[in-house]
Amino acid sequence: MKNSDDVIIAGIGLYPVGEHWDISLRTMGARAVRDALADCGGLVPQGLFVGNAFASILTHQTNLAALIADECGLSGVEACSFEAAGASGGAAVRAAYLAVKSGFVDCAIALGIEKITENTGKKAAQTQDLTLNYEYETMAGMSIPSGAALLARRYLVEHGLDRDVLDCMSINSYSQACGNPNAFYHLRLNEEKLQKQPLANAPLGMFDCAAMADGAAALVITRRDKLPENFSHLPVRIIGSANAIAPLSLHDRRNLLHYGACAASAEKAFKHADIPQSDVDIWEVWDAFSIDAILTREAIGLAPSGEGWKPDGRYYSSMGGCLGRGNPLGASGAYQVAEAALQIRGEARACQVENVQTAFVQCVGGLGGTAVTHILQRE
């Protein structure tokens, strides 16, 4: 691919993750889009691709792309929505990437958005559980947290480990989020807090489960030769992109503790990017639950089976991930890509990792059922 054809993240707009009862879904999304457009130096988009998981149930709204495009004054653009559970935001980024790379559009916006907290906790949880196999899992009483707890219990038993190995994931994510101005929490964990945490889904404690929240993250994506003359940021290229699935139901998996979608998606993305894993400086892996982060590390080859919890000197969840930042579900994948791009730009403020050249970003839908991966690199 010629340098002029490089696909670039040109603009970033982030609405803080939190509880936003005073703003509508479309207004929150429109603000993120407008901020991203202001950040890119005046590009005019021809497409809007929206990632969302639960608006049809929790906010009684479908056709989000048309709704938000209209709110932003983008009348006439190509617009559609994508649903892939927790990977929805990543799927929207991939759609925008493919549209730009193909040449069918010169500039596209990817928006991940979710509004959850104005609903009761029970309704939000029941809606999240629909990302499982309804006929064979949800109807039988399984929930997303209980399924994650089942995986964690099997992991600890199979490898002869104590539950406190899970704490490494939570401590890292919450610590990183302390410097993220858009994070839901700014809480440093210590052993005393972890020992006192309730274990509602044992062996998973409260800090092992990312809090569901509201949020919107937008990215403007274009080609290198379409950047405006006044573009003031360091260009961030998308050099690899892939989507893969695994059996949705846990009982259909040959190896319960292998996140096959994560492995396949990562392999495809690295092949597309044509770089080795050793080139990656920061790893934005999925951590809706601490066990997700462990199994993802092992699936993509960063650690042997049973050792994904061990510190290894790599930078993970550099701005808090789902655990520390909060998890706006369908928007989280877009936040991950945006945060990685900020790291490469050198604009991550208190979360900045020194001299980031290449970032790996992966978001997951359900309990390892879908995985969307992007690899970003400094130009």
# chains A, B, ... in the order shown; residues from 1 in each chain; ligands from 1
call {"tool": "residues_around", "arguments": {"residues": "Asn119 in chain A", "least_positions_apart": "2", "cutoff": "12 Å", "atoms": "only C-alpha atoms", "output": "mmCIF file with N, CA and C atoms, in the first residue's frame"}}
result
data_model
loop_
_atom_site.group_PDB
_atom_site.id
_atom_site.type_symbol
_atom_site.label_atom_id
_atom_site.label_comp_id
_atom_site.auth_asym_id
_atom_site.auth_seq_id
_atom_site.Cartn_x
_atom_site.Cartn_y
_atom_site.Cartn_z
ATOM 1 N N GLU A 19 -22.223 8.149 34.817
ATOM 2 C CA GLU A 19 -23.677 8.073 34.901
ATOM 3 C C GLU A 19 -24.233 9.407 34.399
ATOM 4 N N HIS A 20 -24.846 9.391 33.219
ATOM 5 C CA HIS A 20 -25.261 10.625 32.565
ATOM 6 C C HIS A 20 -26.779 10.655 32.407
ATOM 7 N N TRP A 21 -27.450 10.902 33.507
ATOM 8 C CA TRP A 21 -28.918 10.964 33.487
ATOM 9 C C TRP A 21 -29.435 12.237 32.812
ATOM 10 N N PHE A 54 -27.124 -2.172 23.138
ATOM 11 C CA PHE A 54 -28.390 -2.354 23.841
ATOM 12 C C PHE A 54 -29.394 -1.216 23.723
ATOM 13 N N ALA A 55 -29.184 -0.255 22.826
ATOM 14 C CA ALA A 55 -30.096 0.883 22.750
ATOM 15 C C ALA A 55 -31.518 0.469 22.433
ATOM 16 N N ILE A 57 -33.210 -1.843 23.553
ATOM 17 C CA ILE A 57 -33.909 -2.263 24.769
ATOM 18 C C ILE A 57 -33.837 -1.188 25.854
ATOM 19 N N LEU A 58 -32.633 -0.693 26.128
ATOM 20 C CA LEU A 58 -32.446 0.187 27.281
ATOM 21 C C LEU A 58 -32.880 1.627 27.020
ATOM 22 N N THR A 59 -32.801 2.082 25.777
ATOM 23 C CA THR A 59 -33.263 3.445 25.472
ATOM 24 C C THR A 59 -34.350 3.450 24.406
ATOM 25 N N HIS A 60 -34.873 2.287 24.069
ATOM 26 C CA HIS A 60 -36.011 2.162 23.143
ATOM 27 C C HIS A 60 -35.731 2.850 21.814
ATOM 28 N N LYS A 115 -25.849 3.819 26.567
ATOM 29 C CA LYS A 115 -26.473 4.524 27.695
ATOM 30 C C LYS A 115 -27.204 3.485 28.528
ATOM 31 N N ILE A 116 -26.748 3.301 29.743
ATOM 32 C CA ILE A 116 -27.182 2.166 30.559
ATOM 33 C C ILE A 116 -27.763 2.579 31.902
ATOM 34 N N THR A 117 -27.125 3.532 32.575
ATOM 35 C CA THR A 117 -27.335 3.697 34.014
ATOM 36 C C THR A 117 -28.660 4.337 34.400
ATOM 37 N N GLY A 121 -30.557 -1.565 37.845
ATOM 38 C CA GLY A 121 -29.464 -2.513 37.714
ATOM 39 C C GLY A 121 -29.927 -3.866 37.211
ATOM 40 N N LYS A 122 -31.109 -4.289 37.636
ATOM 41 C CA LYS A 122 -31.639 -5.584 37.222
ATOM 42 C C LYS A 122 -31.923 -5.598 35.731
ATOM 43 N N LYS A 123 -32.546 -4.534 35.214
ATOM 44 C CA LYS A 123 -32.862 -4.489 33.792
ATOM 45 C C LYS A 123 -31.593 -4.446 32.957
ATOM 46 N N ALA A 124 -30.615 -3.661 33.388
ATOM 47 C CA ALA A 124 -29.355 -3.574 32.648
ATOM 48 C C ALA A 124 -28.644 -4.916 32.627
ATOM 49 N N ALA A 125 -28.637 -5.602 33.772
ATOM 50 C CA ALA A 125 -27.977 -6.904 33.844
ATOM 51 C C ALA A 125 -28.680 -7.929 32.975
ATOM 52 N N GLN A 126 -30.014 -7.945 33.002
ATOM 53 C CA GLN A 126 -30.760 -8.896 32.186
ATOM 54 C C GLN A 126 -30.540 -8.636 30.698
ATOM 55 N N THR A 127 -30.395 -7.383 30.336
ATOM 56 C CA THR A 127 -30.137 -7.047 28.939
ATOM 57 C C THR A 127 -28.744 -7.503 28.526
ATOM 58 N N MET A 212 -20.808 -1.328 34.617
ATOM 59 C CA MET A 212 -21.483 -0.833 33.422
ATOM 60 C C MET A 212 -21.738 0.667 33.563
ATOM 61 N N ALA A 213 -21.570 1.398 32.469
ATOM 62 C CA ALA A 213 -21.645 2.856 32.521
ATOM 63 C C ALA A 213 -22.102 3.406 31.185
ATOM 64 N N ASP A 214 -22.271 4.727 31.124
ATOM 65 C CA ASP A 214 -22.638 5.431 29.903
ATOM 66 C C ASP A 214 -21.375 6.004 29.260
#
call {"tool": "residues_around", "arguments": {"residues": "Cys262 in chain A", "least_positions_apart": "2", "cutoff": "10 Å", "atoms": "only C-alpha atoms", "output": "PyMOL selection string"}}
result
chain A and resi 243-246+258-260+264-267+285-286+295-300+362-364+368-373
call {"tool": "closest_residue", "arguments": {"among": "A:Val165, A:Ala183, A:Val44, A:Ala87", "to": "Leu74 in chain A", "atoms": "only C-alpha atoms"}}
result
A:Val44
call {"tool": "residues_around", "arguments": {"residues": "Val17 in chain A", "least_positions_apart": "5", "cutoff": "12 Å", "atoms": "only C-alpha atoms", "output": "number ranges by chain"}}
result
A: 28, 32, 112-117, 177, 180-186, 211-217, 320-329, 331-332, 335
call {"tool": "write_last_selection", "arguments": {"atoms": "N, CA and C atoms", "output": "tab-separated table (two decimals), in the first residue's frame"}}
result
chain	number	residue	atom	x	y	z
A	28	MET	N	-25.40	12.86	23.54
A	28	MET	CA	-24.09	12.38	23.96
A	28	MET	C	-23.27	11.93	22.76
A	32	ALA	N	-19.68	13.74	21.05
A	32	ALA	CA	-18.44	13.02	20.77
A	32	ALA	C	-18.05	13.18	19.30
A	112	GLY	N	-18.68	4.67	18.98
A	112	GLY	CA	-19.18	3.68	19.92
A	112	GLY	C	-19.98	4.40	20.98
A	113	ILE	N	-21.20	3.91	21.26
A	113	ILE	CA	-22.06	4.62	22.20
A	113	ILE	C	-22.93	3.65	22.98
A	114	GLU	N	-23.14	3.97	24.25
A	114	GLU	CA	-24.03	3.17	25.10
A	114	GLU	C	-24.57	4.04	26.22
A	115	LYS	N	-25.85	3.82	26.57
A	115	LYS	CA	-26.47	4.52	27.70
A	115	LYS	C	-27.20	3.49	28.53
A	116	ILE	N	-26.75	3.30	29.74
A	116	ILE	CA	-27.18	2.17	30.56
A	116	ILE	C	-27.76	2.58	31.90
A	117	THR	N	-27.13	3.53	32.58
A	117	THR	CA	-27.34	3.70	34.01
A	117	THR	C	-28.66	4.34	34.40
A	177	ALA	N	-6.13	3.88	35.49
A	177	ALA	CA	-7.27	4.79	35.29
A	177	ALA	C	-7.16	6.06	36.11
A	180	ASN	N	-6.59	8.99	33.97
A	180	ASN	CA	-7.46	9.14	32.81
A	180	ASN	C	-8.61	10.09	33.14
A	181	PRO	N	-8.65	11.27	32.53
A	181	PRO	CA	-9.71	12.24	32.88
A	181	PRO	C	-11.11	11.78	32.47
A	182	ASN	N	-11.20	10.78	31.59
A	182	ASN	CA	-12.50	10.30	31.14
A	182	ASN	C	-12.95	9.03	31.85
A	183	ALA	N	-12.21	8.60	32.87
A	183	ALA	CA	-12.55	7.37	33.58
A	183	ALA	C	-13.68	7.59	34.58
A	184	PHE	N	-14.49	6.56	34.77
A	184	PHE	CA	-15.59	6.58	35.73
A	184	PHE	C	-15.03	6.67	37.16
A	185	TYR	N	-13.95	5.94	37.41
A	185	TYR	CA	-13.37	5.89	38.76
A	185	TYR	C	-11.93	6.39	38.73
A	186	HIS	N	-11.50	6.91	39.86
A	186	HIS	CA	-10.10	7.25	40.07
A	186	HIS	C	-9.73	6.70	41.45
A	211	ALA	N	-17.66	-2.06	35.99
A	211	ALA	CA	-18.96	-1.44	36.19
A	211	ALA	C	-19.55	-0.98	34.86
A	212	MET	N	-20.81	-1.33	34.62
A	212	MET	CA	-21.48	-0.83	33.42
A	212	MET	C	-21.74	0.67	33.56
A	213	ALA	N	-21.57	1.40	32.47
A	213	ALA	CA	-21.64	2.86	32.52
A	213	ALA	C	-22.10	3.41	31.18
A	214	ASP	N	-22.27	4.73	31.12
A	214	ASP	CA	-22.64	5.43	29.90
A	214	ASP	C	-21.37	6.00	29.26
A	215	GLY	N	-21.40	6.14	27.94
A	215	GLY	CA	-20.25	6.76	27.29
A	215	GLY	C	-20.40	6.81	25.78
A	216	ALA	N	-19.56	7.64	25.15
A	216	ALA	CA	-19.53	7.77	23.69
A	216	ALA	C	-18.11	8.15	23.28
A	217	ALA	N	-17.58	7.40	22.30
A	217	ALA	CA	-16.24	7.66	21.79
A	217	ALA	C	-16.29	7.67	20.27
A	320	GLY	N	-6.62	2.40	31.81
A	320	GLY	CA	-7.55	1.82	32.78
A	320	GLY	C	-8.36	0.65	32.29
A	321	GLY	N	-8.51	0.52	30.96
A	321	GLY	CA	-9.32	-0.57	30.45
A	321	GLY	C	-10.75	-0.51	30.96
A	322	CYS	N	-11.50	-1.58	30.74
A	322	CYS	CA	-12.89	-1.63	31.20
A	322	CYS	C	-12.98	-1.62	32.72
A	323	LEU	N	-12.09	-2.33	33.39
A	323	LEU	CA	-12.15	-2.42	34.85
A	323	LEU	C	-11.95	-1.05	35.49
A	324	GLY	N	-10.94	-0.32	35.06
A	324	GLY	CA	-10.62	0.95	35.70
A	324	GLY	C	-11.40	2.12	35.14
A	325	ARG	N	-11.58	2.16	33.80
A	325	ARG	CA	-12.28	3.27	33.15
A	325	ARG	C	-13.79	3.18	33.35
A	326	GLY	N	-14.31	1.95	33.47
A	326	GLY	CA	-15.73	1.71	33.39
A	326	GLY	C	-16.04	1.10	32.03
A	327	ASN	N	-17.13	0.36	31.94
A	327	ASN	CA	-17.44	-0.39	30.73
A	327	ASN	C	-18.77	0.05	30.13
A	328	PRO	N	-18.74	0.98	29.17
A	328	PRO	CA	-19.95	1.34	28.45
A	328	PRO	C	-20.23	0.37	27.30
A	329	LEU	N	-19.88	-0.88	27.50
A	329	LEU	CA	-20.22	-2.03	26.65
A	329	LEU	C	-20.03	-1.76	25.17
A	331	ALA	N	-19.69	0.77	23.54
A	331	ALA	CA	-18.78	1.87	23.25
A	331	ALA	C	-17.33	1.55	23.62
A	332	SER	N	-17.11	0.52	24.42
A	332	SER	CA	-15.78	0.30	25.00
A	332	SER	C	-14.70	0.05	23.96
A	335	TYR	N	-13.51	3.32	22.71
A	335	TYR	CA	-12.65	3.96	23.71
A	335	TYR	C	-11.24	3.37	23.66
call {"tool": "closest_residue", "arguments": {"among": "A:Pro203, A:Pro16, A:Gly73, A:Gly103", "to": "Leu150 in chain A", "atoms": "only C-alpha atoms"}}
result
A:Pro203
call {"tool": "residues_around", "arguments": {"residues": "Ser241 in chain A", "least_positions_apart": "4", "cutoff": "7 Å", "atoms": "only C-alpha atoms", "output": "ChimeraX atom specification"}}
result
/A:94,269,272,373-375
call {"tool": "write_last_selection", "arguments": {"atoms": "N, CA and C atoms", "output": "short mmCIF file (atom, residue, chain, number, x, y, z; two decimals), in the first residue's frame"}}
result
data_model
loop_
_atom_site.label_atom_id
_atom_site.label_comp_id
_atom_site.auth_asym_id
_atom_site.auth_seq_id
_atom_site.Cartn_x
_atom_site.Cartn_y
_atom_site.Cartn_z
N ARG A 94 -13.85 -0.93 12.65
CA ARG A 94 -13.44 -1.76 11.52
C ARG A 94 -14.24 -1.40 10.25
N ALA A 269 -4.89 -10.09 12.45
CA ALA A 269 -4.48 -8.68 12.49
C ALA A 269 -2.97 -8.54 12.35
N HIS A 272 -2.05 -9.19 8.79
CA HIS A 272 -2.41 -8.02 7.98
C HIS A 272 -1.40 -6.90 8.18
N THR A 373 -9.97 -6.92 16.50
CA THR A 373 -8.60 -6.47 16.80
C THR A 373 -8.16 -5.39 15.84
N HIS A 374 -7.48 -4.37 16.38
CA HIS A 374 -6.83 -3.36 15.55
C HIS A 374 -5.39 -3.17 16.02
N ILE A 375 -4.51 -2.95 15.08
CA ILE A 375 -3.12 -2.64 15.38
C ILE A 375 -2.82 -1.25 14.84
#
call {"tool": "select_by_dssp", "arguments": {"residues": "range 100-187 of chain A", "states": "helix (DSSP H, G or I)", "output": "PyMOL selection string"}}
result
chain A and resi 100-102+121-131+134-138+144-159+163-177
call {"tool": "closest_residue", "arguments": {"among": "A:Ile344, A:Leu14, A:Glu307, A:Gly330", "to": "Leu161 in chain A", "atoms": "only C-alpha atoms"}}
result
A:Glu307
call {"tool": "closest_residue", "arguments": {"among": "A:Leu156, A:Cys80, A:Ile171, A:Val337", "to": "Gly13 in chain A", "atoms": "only C-alpha atoms"}}
result
A:Val337
call {"tool": "residues_around", "arguments": {"residues": "Met169 in chain A", "least_positions_apart": "3", "cutoff": "8 Å", "atoms": "only C-alpha atoms", "output": "list in words"}}
result
Leu166, Asn172, Ser173, Asp208, Ser290, Ala293, Ile294 and Trp309 of chain A
call {"tool": "write_last_selection", "arguments": {"atoms": "N, CA and C atoms", "output": "PDB file, in the first residue's frame"}}
result
ATOM      1  N   LEU A 166      -6.112 -13.216  40.667  1.00  0.00           N
ATOM      2  CA  LEU A 166      -6.961 -12.339  39.861  1.00  0.00           C
ATOM      3  C   LEU A 166      -6.720 -10.870  40.185  1.00  0.00           C
ATOM      4  N   ASN A 172      -3.765  -3.385  38.325  1.00  0.00           N
ATOM      5  CA  ASN A 172      -3.174  -2.711  37.171  1.00  0.00           C
ATOM      6  C   ASN A 172      -4.166  -1.748  36.527  1.00  0.00           C
ATOM      7  N   SER A 173      -5.386  -2.222  36.254  1.00  0.00           N
ATOM      8  CA  SER A 173      -6.359  -1.391  35.537  1.00  0.00           C
ATOM      9  C   SER A 173      -6.784  -0.179  36.351  1.00  0.00           C
ATOM     10  N   ASP A 208     -13.229  -7.293  40.340  1.00  0.00           N
ATOM     11  CA  ASP A 208     -12.930  -8.142  39.187  1.00  0.00           C
ATOM     12  C   ASP A 208     -13.941  -7.955  38.070  1.00  0.00           C
ATOM     13  N   SER A 290     -11.748  -9.691  35.211  1.00  0.00           N
ATOM     14  CA  SER A 290     -10.320  -9.977  35.331  1.00  0.00           C
ATOM     15  C   SER A 290      -9.948 -11.265  34.609  1.00  0.00           C
ATOM     16  N   ALA A 293      -9.121 -10.762  30.897  1.00  0.00           N
ATOM     17  CA  ALA A 293      -7.768 -10.275  30.610  1.00  0.00           C
ATOM     18  C   ALA A 293      -6.759 -11.418  30.646  1.00  0.00           C
ATOM     19  N   ILE A 294      -6.919 -12.326  31.611  1.00  0.00           N
ATOM     20  CA  ILE A 294      -6.001 -13.460  31.738  1.00  0.00           C
ATOM     21  C   ILE A 294      -6.120 -14.395  30.544  1.00  0.00           C
ATOM     22  N   TRP A 309      -1.853 -14.371  34.328  1.00  0.00           N
ATOM     23  CA  TRP A 309      -2.013 -13.406  35.424  1.00  0.00           C
ATOM     24  C   TRP A 309      -0.683 -12.814  35.881  1.00  0.00           C
TER      25      TRP A 309
END
call {"tool": "atom_distance", "arguments": {"atom1": "CA of Leu25 in chain A", "atom2": "CA of Trp283 in chain A"}}
result
29.7 Å
call {"tool": "select_by_dssp", "arguments": {"residues": "range 102-185 of chain A", "states": "strand (DSSP E)", "output": "list in words"}}
result
Cys107, Ala108, Ile109, Ala110, Leu111, Gly112, Ile113 and Glu114 of chain A
call {"tool": "write_last_selection", "arguments": {"atoms": "N, CA and C atoms", "output": "mmCIF file, in the first residue's frame"}}
result
data_model
loop_
_atom_site.group_PDB
_atom_site.id
_atom_site.type_symbol
_atom_site.label_atom_id
_atom_site.label_comp_id
_atom_site.auth_asym_id
_atom_site.auth_seq_id
_atom_site.Cartn_x
_atom_site.Cartn_y
_atom_site.Cartn_z
ATOM 1 N N CYS A 107 -13.530 9.834 3.965
ATOM 2 C CA CYS A 107 -13.491 10.126 5.399
ATOM 3 C C CYS A 107 -14.723 9.523 6.056
ATOM 4 N N ALA A 108 -14.526 8.830 7.159
ATOM 5 C CA ALA A 108 -15.637 8.201 7.878
ATOM 6 C C ALA A 108 -15.482 8.430 9.366
ATOM 7 N N ILE A 109 -16.597 8.391 10.069
ATOM 8 C CA ILE A 109 -16.605 8.490 11.529
ATOM 9 C C ILE A 109 -17.048 7.155 12.102
ATOM 10 N N ALA A 110 -16.304 6.668 13.078
ATOM 11 C CA ALA A 110 -16.716 5.504 13.864
ATOM 12 C C ALA A 110 -17.112 5.996 15.246
ATOM 13 N N LEU A 111 -18.292 5.615 15.676
ATOM 14 C CA LEU A 111 -18.793 6.034 16.986
ATOM 15 C C LEU A 111 -19.228 4.809 17.777
ATOM 16 N N GLY A 112 -18.683 4.671 18.984
ATOM 17 C CA GLY A 112 -19.182 3.678 19.922
ATOM 18 C C GLY A 112 -19.985 4.396 20.981
ATOM 19 N N ILE A 113 -21.202 3.906 21.265
ATOM 20 C CA ILE A 113 -22.064 4.624 22.205
ATOM 21 C C ILE A 113 -22.926 3.653 22.984
ATOM 22 N N GLU A 114 -23.142 3.974 24.250
ATOM 23 C CA GLU A 114 -24.027 3.171 25.101
ATOM 24 C C GLU A 114 -24.566 4.040 26.220
#
call {"tool": "closest_residue", "arguments": {"among": "A:Ala69, A:Ala359, A:Leu248, A:Val50", "to": "Gly90 in chain A", "atoms": "only C-alpha atoms"}}
result
A:Val50
call {"tool": "atom_distance", "arguments": {"atom1": "CA of Ala91 in chain A", "atom2": "CA of Asn201 in chain A"}}
result
29.3 Å
call {"tool": "closest_residue", "arguments": {"among": "A:Ile291, A:Glu191, A:Gly346, A:Val77", "to": "Leu257 in chain A", "atoms": "only C-alpha atoms"}}
result
A:Ile291
call {"tool": "atom_distance", "arguments": {"atom1": "CA of Thr138 in chain A", "atom2": "CA of Leu250 in chain A"}}
result
11.7 Å
